[in-house]
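Novice: This is input35.cif (mmCIF, C-alpha atoms).
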```cif
data_target
#
loop_
_atom_site.label_atom_id
_atom_site.label_comp_id
_atom_site.auth_asym_id
_atom_site.auth_seq_id
_atom_site.Cartn_x
_atom_site.Cartn_y
_atom_site.Cartn_z
CA MET A 291 39.11 1.34 38.45
CA ASN A 292 36.65 0.01 35.90
CA GLU A 293 33.74 1.68 37.68
CA GLN A 294 35.65 4.98 37.85
CA ARG A 295 36.50 4.77 34.15
CA SER A 296 32.85 3.96 33.33
CA GLN A 297 31.68 7.04 35.25
CA LYS A 298 34.20 9.23 33.44
CA ALA A 299 33.13 7.82 30.08
CA ARG A 300 29.49 8.51 30.94
CA TRP A 301 30.26 12.14 31.85
CA ARG A 302 32.42 12.48 28.73
CA LEU A 303 29.45 11.41 26.57
CA ILE A 304 27.15 13.80 28.42
CA LEU A 305 29.45 16.84 28.33
CA GLY A 306 30.85 16.35 24.87
CA GLU A 307 34.29 16.70 23.31
CA SER A 308 35.15 19.91 25.14
CA SER A 309 35.36 17.97 28.44
CA GLU A 310 38.17 15.74 27.16
CA SER A 311 40.88 17.99 28.62
CA ALA A 312 39.43 17.51 32.10
CA LEU A 313 38.33 13.87 31.89
CA GLY A 314 41.03 12.50 29.62
CA ASP A 315 40.76 10.18 26.63
CA VAL A 316 38.38 7.71 28.30
CA LEU A 317 36.26 6.54 25.37
CA SER A 318 36.84 3.26 23.60
CA GLY A 319 35.03 0.83 21.33
CA VAL A 320 31.31 1.48 20.97
CA GLU A 321 31.59 4.63 23.14
CA ILE A 322 33.49 6.40 20.34
CA ALA A 323 30.66 5.63 17.91
CA GLN A 324 28.12 6.85 20.49
CA ASP A 325 30.09 10.07 20.89
CA GLU A 326 30.08 10.67 17.14
CA ALA A 327 26.33 10.08 16.94
CA LEU A 328 25.65 12.41 19.87
CA GLY A 329 28.02 15.00 18.44
CA PHE A 330 26.22 14.97 15.08
CA LEU A 331 23.12 16.25 16.86
CA TYR A 332 24.20 18.13 19.98
CA ASP A 333 27.26 19.90 18.57
CA ARG A 334 24.67 22.16 16.94
CA GLU A 335 24.70 23.97 20.30
CA TYR A 336 28.07 25.43 19.32
CA GLY A 337 27.90 28.62 17.32
CA LYS A 338 30.15 29.31 14.35
CA GLY A 339 33.66 30.27 15.35
CA ARG A 340 33.61 28.43 18.66
CA ASN A 341 36.80 26.42 19.25
CA VAL A 342 36.84 23.05 20.98
CA ARG A 343 39.58 20.51 21.56
CA GLY A 344 39.49 17.51 19.24
CA ARG A 345 40.52 13.93 19.93
CA SER A 346 43.97 14.65 18.61
CA GLY A 347 44.43 17.24 21.37
CA LYS A 348 44.63 20.09 18.86
CA SER A 349 42.24 22.98 18.92
CA THR A 350 39.77 22.70 16.05
CA LYS A 351 37.00 24.92 14.80
CA ARG A 352 33.62 23.27 15.34
CA GLU A 353 30.62 24.60 13.44
CA GLY A 354 26.99 23.80 13.69
CA GLY A 355 25.32 21.91 10.88
CA MET A 356 26.08 18.70 9.06
CA GLU A 357 29.68 19.72 8.23
CA ALA A 358 30.80 18.78 11.75
CA SER A 359 30.44 15.05 11.15
CA GLN A 360 31.10 12.43 8.52
CA LEU A 361 27.58 11.13 9.13
CA ASN A 362 24.61 12.08 6.98
CA VAL A 363 21.01 11.96 8.16
CA PRO A 364 20.21 8.35 7.13
CA ASP A 365 23.54 7.17 8.58
CA TRP A 366 22.81 9.02 11.82
CA ILE A 367 19.34 7.51 12.12
CA ASN A 368 20.74 4.01 11.67
CA ALA A 369 23.60 4.68 14.08
CA VAL A 370 21.42 5.81 16.99
CA HIS A 371 19.10 2.84 16.53
CA GLU A 372 22.07 0.48 16.71
CA LEU A 373 23.94 2.19 19.56
CA PHE A 374 21.31 3.27 22.10
CA PRO A 375 18.36 1.80 24.01
CA GLN A 376 14.80 2.63 22.94
CA GLN A 377 14.22 5.36 25.56
CA THR A 378 17.37 7.18 24.45
CA ILE A 379 16.43 6.81 20.78
CA GLU A 380 13.06 8.45 21.41
CA ARG A 381 14.75 11.38 23.19
CA LEU A 382 17.29 11.84 20.38
CA GLU A 383 14.59 11.80 17.71
CA ARG A 384 12.48 14.27 19.67
CA ASP A 385 15.43 16.63 20.13
CA ALA A 386 16.36 16.30 16.45
CA LEU A 387 12.89 17.38 15.37
CA GLU A 388 11.83 19.82 18.07
CA ARG A 389 15.06 21.34 19.39
CA TYR A 390 17.27 21.39 16.29
CA GLN A 391 14.60 21.40 13.57
CA LEU A 392 16.32 18.53 11.78
CA GLU A 393 13.16 18.24 9.75
CA GLU A 394 15.00 16.83 6.75
CA MET A 395 15.03 13.58 8.72
CA VAL A 396 11.34 13.04 8.04
CA THR A 397 9.84 15.99 6.19
CA ASN A 398 12.24 17.20 3.51
CA LEU A 399 10.72 16.05 0.22
CA ASP A 400 13.58 17.52 -1.81
CA LEU A 401 16.12 15.52 0.21
CA LEU A 402 14.19 12.30 -0.34
CA ARG A 403 13.74 13.01 -4.06
CA ARG A 404 17.51 13.47 -4.45
CA ALA A 405 18.36 10.47 -2.32
CA GLN A 406 19.93 7.47 -4.02
CA PRO A 407 17.90 4.34 -3.21
CA SER A 408 19.98 2.08 -0.97
CA GLU A 409 19.59 -0.34 1.91
CA THR A 410 20.92 2.35 4.25
CA LEU A 411 18.18 4.73 3.19
CA LEU A 412 15.59 1.95 3.38
CA LYS A 413 16.54 1.17 6.98
CA ALA A 414 16.38 4.87 7.90
CA VAL A 415 12.89 5.12 6.36
CA LEU A 416 11.64 2.07 8.23
CA ARG A 417 13.00 3.44 11.50
CA THR A 418 11.36 6.85 11.17
CA LYS A 419 8.21 6.25 9.09
CA HIS A 420 6.07 6.65 12.21
CA LEU A 421 7.24 10.29 12.36
CA MET A 422 6.45 11.14 8.72
CA ASN A 423 3.49 13.08 7.42
CA GLN A 424 1.44 11.50 4.65
CA GLU A 425 3.14 13.33 1.78
CA VAL A 426 6.62 12.31 2.90
CA LEU A 427 5.42 8.80 3.71
CA ALA A 428 4.11 8.38 0.16
CA LEU A 429 7.52 9.33 -1.25
CA ALA A 430 9.27 7.11 1.30
CA ARG A 431 7.07 4.22 0.22
CA ASP A 432 8.12 4.79 -3.39
CA LEU A 433 11.80 4.80 -2.37
CA THR A 434 11.22 1.61 -0.41
CA ARG A 435 9.72 -0.04 -3.48
CA ARG A 436 12.68 0.95 -5.64
CA VAL A 437 15.17 -0.51 -3.15
CA ILE A 438 13.11 -3.69 -2.79
CA GLU A 439 12.93 -4.10 -6.56
CA GLN A 440 16.73 -3.91 -6.72
CA LEU A 441 17.06 -6.51 -3.99
CA MET A 442 14.42 -8.74 -5.57
CA GLU A 443 16.24 -8.64 -8.89
CA SER A 444 19.52 -9.68 -7.29
CA LEU A 445 18.02 -12.38 -5.07
CA SER A 446 15.14 -13.95 -7.00
CA ARG A 447 17.28 -16.06 -9.34
CA GLN A 448 19.53 -17.52 -6.63
CA VAL A 449 16.56 -18.18 -4.34
CA SER A 450 14.32 -19.75 -6.99
CA ALA A 451 17.00 -21.81 -8.77
CA PRO A 452 17.34 -24.61 -6.16
CA PHE A 453 13.63 -25.46 -6.51
CA PHE A 454 13.68 -26.01 -10.28
CA GLY A 455 15.72 -27.79 -12.88
CA SER A 456 16.65 -31.16 -11.38
CA VAL A 457 17.98 -33.61 -13.93
CA ASP A 458 15.60 -36.44 -14.91
CA ARG A 459 17.93 -39.16 -16.21
CA ARG A 460 15.01 -41.32 -17.35
CA ARG A 461 13.81 -38.86 -19.97
CA ARG A 462 15.41 -37.25 -22.99
CA SER A 463 15.16 -33.62 -23.92
CA MET A 464 15.50 -31.47 -27.02
CA LEU A 465 16.88 -28.62 -24.92
CA ASN A 466 20.43 -28.60 -26.33
CA ILE A 467 22.52 -27.04 -23.58
CA ALA A 468 25.84 -28.33 -22.29
CA LYS A 469 24.77 -28.99 -18.69
CA ASN A 470 22.02 -31.35 -20.02
CA PHE A 471 24.37 -33.35 -22.31
CA ASP A 472 24.04 -37.15 -21.91
CA ALA A 473 27.46 -38.39 -23.04
CA ARG A 474 26.88 -42.11 -22.43
CA THR A 475 23.65 -42.31 -24.43
CA THR A 476 25.09 -40.16 -27.20
CA ILE A 477 28.10 -42.45 -27.63
CA ARG A 478 26.03 -45.64 -27.50
CA ARG A 479 23.48 -44.49 -30.06
CA ASN A 480 26.06 -43.12 -32.50
CA LEU A 481 28.45 -46.09 -32.60
CA ARG A 482 27.46 -46.90 -36.18
CA THR A 483 29.19 -43.70 -37.30
CA TYR A 484 32.53 -44.72 -35.78
CA ASP A 485 35.41 -44.48 -38.29
CA ARG A 486 37.92 -47.25 -37.66
CA GLU A 487 40.61 -45.73 -39.85
CA THR A 488 40.69 -42.33 -38.14
CA LYS A 489 39.46 -43.75 -34.81
CA ARG A 490 36.91 -40.98 -34.52
CA LEU A 491 33.27 -41.01 -33.58
CA PHE A 492 31.07 -38.75 -35.69
CA ILE A 493 27.96 -37.72 -33.80
CA GLU A 494 24.85 -37.41 -35.91
CA THR A 495 22.37 -37.08 -33.04
CA PRO A 496 23.37 -35.76 -29.60
CA TYR A 497 21.19 -36.66 -26.63
CA PHE A 498 20.34 -34.56 -23.60
CA PHE A 499 18.74 -35.15 -20.23
CA SER A 500 15.34 -33.67 -19.50
CA ARG A 501 14.82 -31.37 -16.58
CA VAL A 502 11.75 -31.49 -14.36
CA ARG A 503 10.39 -29.52 -11.42
CA ARG A 504 10.85 -31.09 -8.07
CA GLN A 505 7.69 -32.31 -6.41
CA VAL A 506 7.12 -30.24 -3.26
CA GLU A 507 3.37 -29.65 -3.47
CA ARG A 508 2.48 -30.41 0.11
CA TRP A 509 5.19 -28.44 1.86
CA GLN A 510 4.36 -25.42 4.01
CA ILE A 511 6.89 -22.69 4.81
CA ILE A 512 5.86 -20.70 7.90
CA ILE A 513 8.12 -17.66 8.41
CA LEU A 514 8.04 -16.00 11.85
CA VAL A 515 10.06 -12.78 11.99
CA ASP A 516 11.13 -10.94 15.14
CA GLU A 517 10.59 -7.23 14.45
CA SER A 518 12.89 -5.93 17.22
CA GLY A 519 15.18 -3.12 16.09
CA SER A 520 18.33 -5.25 16.10
CA MET A 521 16.78 -7.59 13.51
CA LEU A 522 16.10 -4.96 10.83
CA ASP A 523 18.44 -6.45 8.20
CA SER A 524 16.81 -9.84 8.72
CA VAL A 525 13.32 -8.32 8.59
CA ILE A 526 14.05 -6.77 5.18
CA HIS A 527 15.45 -9.99 3.73
CA SER A 528 12.67 -12.06 5.31
CA ALA A 529 10.02 -9.99 3.55
CA ILE A 530 11.81 -10.48 0.23
CA MET A 531 12.35 -14.21 0.79
CA ALA A 532 8.69 -14.68 1.72
CA SER A 533 7.64 -12.91 -1.46
CA ILE A 534 9.90 -15.11 -3.60
CA PHE A 535 8.79 -18.30 -1.82
CA PHE A 536 5.18 -17.15 -2.25
CA GLY A 537 5.76 -17.00 -6.01
CA ILE A 538 6.89 -20.65 -6.09
CA ARG A 539 3.56 -22.35 -6.66
CA THR A 540 4.66 -25.66 -5.24
CA LEU A 541 5.25 -24.06 -1.83
CA ARG A 542 2.61 -22.66 0.52
CA THR A 543 4.11 -19.71 2.31
CA HIS A 544 2.94 -17.97 5.48
CA LEU A 545 4.54 -14.81 6.86
CA CYS A 546 4.10 -13.38 10.36
CA ILE A 547 5.95 -10.64 12.25
CA PHE A 548 5.98 -10.54 16.02
CA ASP A 549 7.01 -8.70 19.15
CA THR A 550 4.77 -9.49 22.12
CA ASN A 551 1.93 -9.90 19.61
CA VAL A 552 1.78 -11.68 16.26
CA VAL A 553 0.65 -10.03 13.02
CA ASP A 554 -0.15 -12.40 10.14
CA LEU A 555 0.87 -10.79 6.84
CA THR A 556 0.30 -13.82 4.63
CA ASP A 557 -2.34 -12.02 2.56
CA GLN A 558 0.27 -9.35 1.71
CA CYS A 559 3.12 -11.80 1.30
CA SER A 560 3.45 -11.16 -2.42
CA ASP A 561 4.28 -7.47 -1.81
CA PRO A 562 7.33 -7.02 0.46
CA VAL A 563 6.87 -3.25 0.45
CA GLU A 564 3.48 -3.50 2.13
CA THR A 565 4.96 -6.03 4.53
CA LEU A 566 7.79 -3.72 5.55
CA MET A 567 5.57 -0.67 5.92
CA LYS A 568 3.63 -2.57 8.56
CA VAL A 569 6.71 -3.35 10.65
CA GLN A 570 6.87 -1.52 14.00
CA LEU A 571 10.46 -1.83 15.20
CA GLY A 572 11.19 -2.13 18.90
CA GLY A 573 9.05 -3.25 21.82
CA GLY A 574 9.12 -6.53 23.72
CA THR A 575 9.65 -10.03 22.41
CA ASP A 576 7.55 -13.16 22.98
CA ILE A 577 9.04 -15.87 20.80
CA GLY A 578 7.00 -18.59 22.44
CA ASN A 579 3.78 -16.82 21.50
CA ALA A 580 4.95 -16.59 17.87
CA LEU A 581 5.75 -20.32 17.77
CA THR A 582 2.34 -21.10 19.27
CA TYR A 583 0.67 -19.13 16.49
CA GLY A 584 2.83 -20.80 13.86
CA ALA A 585 1.84 -24.23 15.19
CA GLN A 586 -1.83 -23.36 14.60
CA CYS A 587 -1.09 -22.79 10.88
CA ILE A 588 0.28 -26.31 10.31
CA ASP A 589 -1.72 -28.76 8.18
CA ASN A 590 0.75 -31.62 7.90
CA PRO A 591 3.70 -31.42 10.36
CA ARG A 592 5.88 -33.76 8.31
CA ARG A 593 5.55 -31.44 5.33
CA THR A 594 6.14 -28.22 7.27
CA ILE A 595 9.18 -26.01 7.82
CA ILE A 596 8.96 -23.26 10.42
CA LEU A 597 11.55 -20.52 9.90
CA LEU A 598 11.97 -18.65 13.18
CA ILE A 599 14.04 -15.54 12.50
CA THR A 600 15.10 -13.95 15.79
CA ASP A 601 18.06 -13.03 17.99
CA PHE A 602 16.67 -15.44 20.64
CA PHE A 603 16.54 -12.76 23.34
CA GLU A 604 13.24 -13.91 24.84
CA GLY A 605 11.21 -11.49 26.93
CA ALA A 606 8.68 -14.10 28.09
CA PRO A 607 9.52 -17.22 30.17
CA ALA A 608 12.02 -19.30 28.16
CA ASN A 609 10.62 -22.62 29.44
CA ARG A 610 7.39 -22.07 27.52
CA LEU A 611 9.34 -21.45 24.30
CA ILE A 612 11.42 -24.60 24.78
CA THR A 613 8.30 -26.68 25.49
CA ILE A 614 6.54 -25.46 22.33
CA ALA A 615 9.66 -26.01 20.21
CA LYS A 616 9.98 -29.58 21.53
CA GLN A 617 6.33 -30.31 20.75
CA LEU A 618 6.75 -29.02 17.18
CA VAL A 619 9.83 -31.16 16.57
CA GLU A 620 8.16 -34.25 18.06
CA SER A 621 5.16 -33.72 15.79
CA GLY A 622 7.45 -34.10 12.77
CA ALA A 623 7.75 -30.44 11.81
CA THR A 624 11.15 -28.99 10.93
CA LEU A 625 12.11 -25.96 13.03
CA LEU A 626 14.94 -23.76 11.76
CA GLY A 627 15.98 -20.83 13.93
CA LEU A 628 17.85 -18.13 12.02
CA ALA A 629 19.95 -15.76 14.09
CA ALA A 630 20.59 -13.68 10.97
CA LEU A 631 19.25 -13.58 7.42
CA ASP A 632 21.08 -11.05 5.27
CA GLY A 633 23.90 -10.71 2.80
CA ASN A 634 26.60 -11.05 5.46
CA ALA A 635 24.96 -13.56 7.85
CA ASN A 636 26.77 -12.07 10.85
CA PRO A 637 24.67 -13.11 13.86
CA CYS A 638 24.35 -11.53 17.29
CA TYR A 639 22.11 -13.69 19.46
CA ASP A 640 21.49 -15.38 22.82
CA ARG A 641 23.63 -18.50 22.40
CA ASP A 642 22.38 -20.15 25.60
CA LEU A 643 18.74 -20.09 24.50
CA ALA A 644 19.69 -21.11 20.96
CA GLN A 645 21.56 -24.12 22.36
CA LYS A 646 18.51 -25.14 24.39
CA LEU A 647 16.46 -25.15 21.18
CA VAL A 648 19.09 -27.28 19.47
CA ASN A 649 18.93 -29.69 22.41
CA VAL A 650 15.23 -30.35 21.71
CA GLY A 651 15.79 -30.96 18.00
CA ALA A 652 15.65 -27.53 16.35
CA HIS A 653 18.23 -26.35 13.82
CA VAL A 654 19.95 -23.00 14.46
CA ALA A 655 22.08 -21.11 11.94
CA ALA A 656 22.83 -17.78 10.31
CA MET A 657 22.36 -17.76 6.54
CA THR A 658 22.37 -15.62 3.47
CA PRO A 659 19.18 -15.76 1.35
CA GLY A 660 20.87 -18.07 -1.15
CA GLU A 661 21.98 -20.45 1.60
CA LEU A 662 18.48 -20.52 3.06
CA ALA A 663 16.93 -21.31 -0.33
CA LYS A 664 19.29 -24.23 -0.85
CA TRP A 665 18.63 -25.51 2.68
CA VAL A 666 14.86 -25.41 2.15
CA ALA A 667 15.11 -26.97 -1.32
CA ASP A 668 17.26 -29.82 -0.02
CA LYS A 669 14.76 -30.44 2.78
CA VAL A 670 11.69 -30.65 0.56
CA ARG A 671 13.21 -32.84 -2.17
#
```
Using the file provided, produce a representation of the structure as structure tokens.
Specialist:
Amino acid sequence: MNEQRSQKARWRLILGESSESALGDVLSGVEIAQDEALGFLYDREYGKGRNVRGRSGKSTKREGGMEASQLNVPDWINAVHELFPQQTIERLERDALERYQLEEMVTNLDLLRRAQPSETLLKAVLRTKHLMNQEVLALARDLTRRVIEQLMESLSRQVSAPFFGSVDRRRRSMLNIAKNFDARTTIRRNLRTYDRETKRLFIETPYFFSRVRRQVERWQIIILVDESGSMLDSVIHSAIMASIFFGIRTLRTHLCIFDTNVVDLTDQCSDPVETLMKVQLGGGTDIGNALTYGAQCIDNPRRTIILLITDFFEGAPANRLITIAKQLVESGATLLGLAALDGNANPCYDRDLAQKLVNVGAHVAAMTPGELAKWVADKVR
């Protein structure tokens, strides 16, 4: 029965909504989202005035153009990249451009100029930049920078804060703010102003703790980012985190992206826009190769944190990855595998492989940028 239902669902997706009367209501879960994404594009085959049967069973008027769907172009781009395999994505993009002249996807300058900068738009740009001409790409790069600046502004304070401002209780400070107030010293040094009759202590001179930067000079942060399509949210936040870490002078930050090859972007680490414009989403995954490269960057293992940001779906032999991870941990390096790095920290990853890494001493988690910053700061104290 399951196989029969699967075949019907497949034909329903191929034939479209008009086949529902013959095949029945066979779509569920992700198939409904796939149907909506396919309908956004291929329902353009229907001319104006053509009637088709909707999901409710009632006859509805279906017209070509964007009015037939709640999706817009950036939403549609993101949806197909999340719902379909790479070969299908390439076919959908080709049909969108060549068959249906959906040129606004990558060539409409007016559309991009009117677009409100957002993470949704940023992800759509990163997924289709390889299709853009130079004029559109220049505008897309500007939009990317505006979105990144917004994200940087919201994240930089919470990421940087854990690395600065520890209380030094051995030193006094003239910085008179409440969180620095030293109550014990203030009371002790103002006892001569105590009024026995009113039983009140009058404070002439308040005392405050000093704050100093934590000493983390010799720590290296090596960030290895899987650039597969499913990791796009993490790729965006990784580029921003690397840029913020790079600006903390007491940390030495390296940034690499990888699929089956490794690209070292450390020299562009300070500019997350340039980092993201070099990302090529999709392709295979060789996590072991990325870890091998990261190991070559280490100066002092006991002062090194390797941040491996991936969904742990390894395309190369897993045994090699486990062996390299074990060697890194045994050398004294700290290996943190992040299954997700974004505002929601909702991971989707190969739990079996992640567990094998934990078994050899690695840490595995899903974190928001703020959580990662605190974790790193606590480690290097």
Novice: Taking all listed atoms of range 524-531 of chain A, build the axis-aligned box, pad each of the six sides by 8 Å, then write its centre and edge lengths in Å to one decimal as JSON.
Specialist:
```
{"center_x": 13.4, "center_y": -10.5, "center_z": 4.5, "size_x": 22.8, "size_y": 23.4, "size_z": 24.5}
```
Novice: Can you turn the PyMOL selection byres ((chain A and resi 311-318) around 7) into a concrete residue list for this file, as a list in words?
Specialist: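 Those residues are Arg295, Lys298, Ala299, Arg302, Ser308, Ser309, Glu310, Gly319, Val320, Glu321 and Ile322 of chain A.
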Novice: The PyMOL selection byres ((chain A and resi 566-577) around 8) - which residues does that actually catch in the file I just gave you? List them as a VMD selection string.
Specialist: chain A and resid 376 416 to 417 431 516 to 519 522 525 to 526 529 547 to 551 562 to 565 578 to 581 602 to 606 611
Novice: Hey, what comes out of the PyMOL selection byres ((chain A and resi 644) around 10) on this file? Could you write it as a short mmCIF file (atom, residue, chain, number, x, y, z; two decimals) with C-alpha atoms, keeping the file's coordinate frame?
Specialist:
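Okay, out_9.cif is ready:
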```cif
data_model
loop_
_atom_site.label_atom_id
_atom_site.label_comp_id
_atom_site.auth_asym_id
_atom_site.auth_seq_id
_atom_site.Cartn_x
_atom_site.Cartn_y
_atom_site.Cartn_z
CA THR A 600 15.10 -13.95 15.79
CA ASP A 601 18.06 -13.03 17.99
CA PHE A 602 16.67 -15.44 20.64
CA PHE A 603 16.54 -12.76 23.34
CA ILE A 612 11.42 -24.60 24.78
CA GLY A 627 15.98 -20.83 13.93
CA LEU A 628 17.85 -18.13 12.02
CA ALA A 629 19.95 -15.76 14.09
CA TYR A 639 22.11 -13.69 19.46
CA ASP A 640 21.49 -15.38 22.82
CA ARG A 641 23.63 -18.50 22.40
CA ASP A 642 22.38 -20.15 25.60
CA LEU A 643 18.74 -20.09 24.50
CA GLN A 645 21.56 -24.12 22.36
CA LYS A 646 18.51 -25.14 24.39
CA LEU A 647 16.46 -25.15 21.18
CA VAL A 648 19.09 -27.28 19.47
CA ASN A 649 18.93 -29.69 22.41
CA ALA A 652 15.65 -27.53 16.35
CA HIS A 653 18.23 -26.35 13.82
CA VAL A 654 19.95 -23.00 14.46
CA ALA A 655 22.08 -21.11 11.94
#
```
Novice: Just to confirm, what's the straight-line distance from CA of Thr624 in chain A to CA of Phe535 in chain A in Å (one decimal)?
Specialist: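 Result for CA of Thr624 in chain A versus CA of Phe535 in chain A: 16.8 Å, one decimal.
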Novice: CA of Ile596 in chain A to CA of Ser408 in chain A: how many Å, to one decimal?
Specialist: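 Between CA of Ile596 in chain A and CA of Ser408 in chain A the gap works out to 29.9 Å.
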Novice: Nearest residue to Tyr332 in chain A out of A:Gln297, A:Glu425, A:Asp385, A:Pro591, using only C-alpha atoms?
Specialist: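 Looking only at the distances to Tyr332 in chain A, the closest residue turns out to be A:Asp385.
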Novice: What separation in Å, quoted to one decimal, exists between CA of Asn362 in chain A and CA of Glu439 in chain A?
Specialist: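 It comes out at 24.1 Å.
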Novice: Any idea what's packed within 9 Å of Ala630 in chain A, counting only C-alpha atoms, ignoring anything in its chain fewer than 6 positions away? Could you give it as a count of residues only?
Specialist: 14
Novice: I'd like the neighbourhood of Arg381 in chain A as a tab-separated table (two decimals) with C-alpha atoms, keeping the file's coordinate frame, where a residue qualifies if any of its atoms comes within 12 Å (using all atoms listed in the file), though same-chain residues fewer than 5 positions away should be ignored.
Specialist:
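Output contents, as saved in selection17.tsv:
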```tsv
chain	number	residue	atom	x	y	z
A	328	LEU	CA	25.65	12.41	19.87
A	331	LEU	CA	23.12	16.25	16.86
A	370	VAL	CA	21.42	5.81	16.99
A	371	HIS	CA	19.10	2.84	16.53
A	374	PHE	CA	21.31	3.27	22.10
A	375	PRO	CA	18.36	1.80	24.01
A	376	GLN	CA	14.80	2.63	22.94
A	386	ALA	CA	16.36	16.30	16.45
A	387	LEU	CA	12.89	17.38	15.37
A	388	GLU	CA	11.83	19.82	18.07
A	389	ARG	CA	15.06	21.34	19.39
```
Novice: Give me the residues near Arg479 in chain A as a list of chain:residue names, where near means some atom within 12 Å (using all atoms listed in the file) and where sequence neighbours in that chain fewer than 5 positions away do not count.
Specialist: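 Returned residues: A:Asp472, A:Ala473, A:Arg474, A:Tyr484, A:Leu491, A:Phe492, A:Ile493, A:Glu494, A:Thr495, A:Pro496, A:Tyr497.
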Novice: Hey, which of A:Ile511, A:Val552, A:Leu631, A:Ile477 ends up closest to Ala667 in chain A? Count all atoms listed in the file.
Specialist: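 Among A:Ile511, A:Val552, A:Leu631, A:Ile477, it is A:Ile511 that comes nearest to Ala667 in chain A.
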Novice: Please supply range 525-537 of chain A, rebuilt with N, CA and C atoms, as an mmCIF file, in the frame of the given file.
Specialist:
```cif
data_model
loop_
_atom_site.group_PDB
_atom_site.id
_atom_site.type_symbol
_atom_site.label_atom_id
_atom_site.label_comp_id
_atom_site.auth_asym_id
_atom_site.auth_seq_id
_atom_site.Cartn_x
_atom_site.Cartn_y
_atom_site.Cartn_z
ATOM 1 N N VAL A 525 14.714 -8.615 8.917
ATOM 2 C CA VAL A 525 13.320 -8.320 8.590
ATOM 3 C C VAL A 525 13.187 -7.989 7.098
ATOM 4 N N ILE A 526 14.093 -7.156 6.593
ATOM 5 C CA ILE A 526 14.050 -6.770 5.180
ATOM 6 C C ILE A 526 14.208 -7.990 4.285
ATOM 7 N N HIS A 527 15.213 -8.814 4.565
ATOM 8 C CA HIS A 527 15.450 -9.990 3.730
ATOM 9 C C HIS A 527 14.370 -11.050 3.910
ATOM 10 N N SER A 528 13.770 -11.109 5.093
ATOM 11 C CA SER A 528 12.670 -12.060 5.310
ATOM 12 C C SER A 528 11.470 -11.715 4.452
ATOM 13 N N ALA A 529 11.151 -10.423 4.370
ATOM 14 C CA ALA A 529 10.020 -9.990 3.550
ATOM 15 C C ALA A 529 10.255 -10.342 2.084
ATOM 16 N N ILE A 530 11.489 -10.155 1.626
ATOM 17 C CA ILE A 530 11.810 -10.480 0.230
ATOM 18 C C ILE A 530 11.768 -11.983 0.003
ATOM 19 N N MET A 531 12.357 -12.746 0.928
ATOM 20 C CA MET A 531 12.350 -14.210 0.790
ATOM 21 C C MET A 531 10.923 -14.752 0.781
ATOM 22 N N ALA A 532 10.079 -14.222 1.668
ATOM 23 C CA ALA A 532 8.690 -14.680 1.720
ATOM 24 C C ALA A 532 7.989 -14.416 0.402
ATOM 25 N N SER A 533 8.264 -13.248 -0.185
ATOM 26 C CA SER A 533 7.640 -12.910 -1.460
ATOM 27 C C SER A 533 8.090 -13.861 -2.570
ATOM 28 N N ILE A 534 9.384 -14.189 -2.580
ATOM 29 C CA ILE A 534 9.900 -15.110 -3.600
ATOM 30 C C ILE A 534 9.346 -16.512 -3.375
ATOM 31 N N PHE A 535 9.362 -16.986 -2.126
ATOM 32 C CA PHE A 535 8.790 -18.300 -1.820
ATOM 33 C C PHE A 535 7.306 -18.342 -2.206
ATOM 34 N N PHE A 536 6.612 -17.223 -1.955
ATOM 35 C CA PHE A 536 5.180 -17.150 -2.250
ATOM 36 C C PHE A 536 4.939 -17.330 -3.750
ATOM 37 N N GLY A 537 5.894 -16.882 -4.561
ATOM 38 C CA GLY A 537 5.760 -17.000 -6.010
ATOM 39 C C GLY A 537 6.074 -18.389 -6.539
#
```
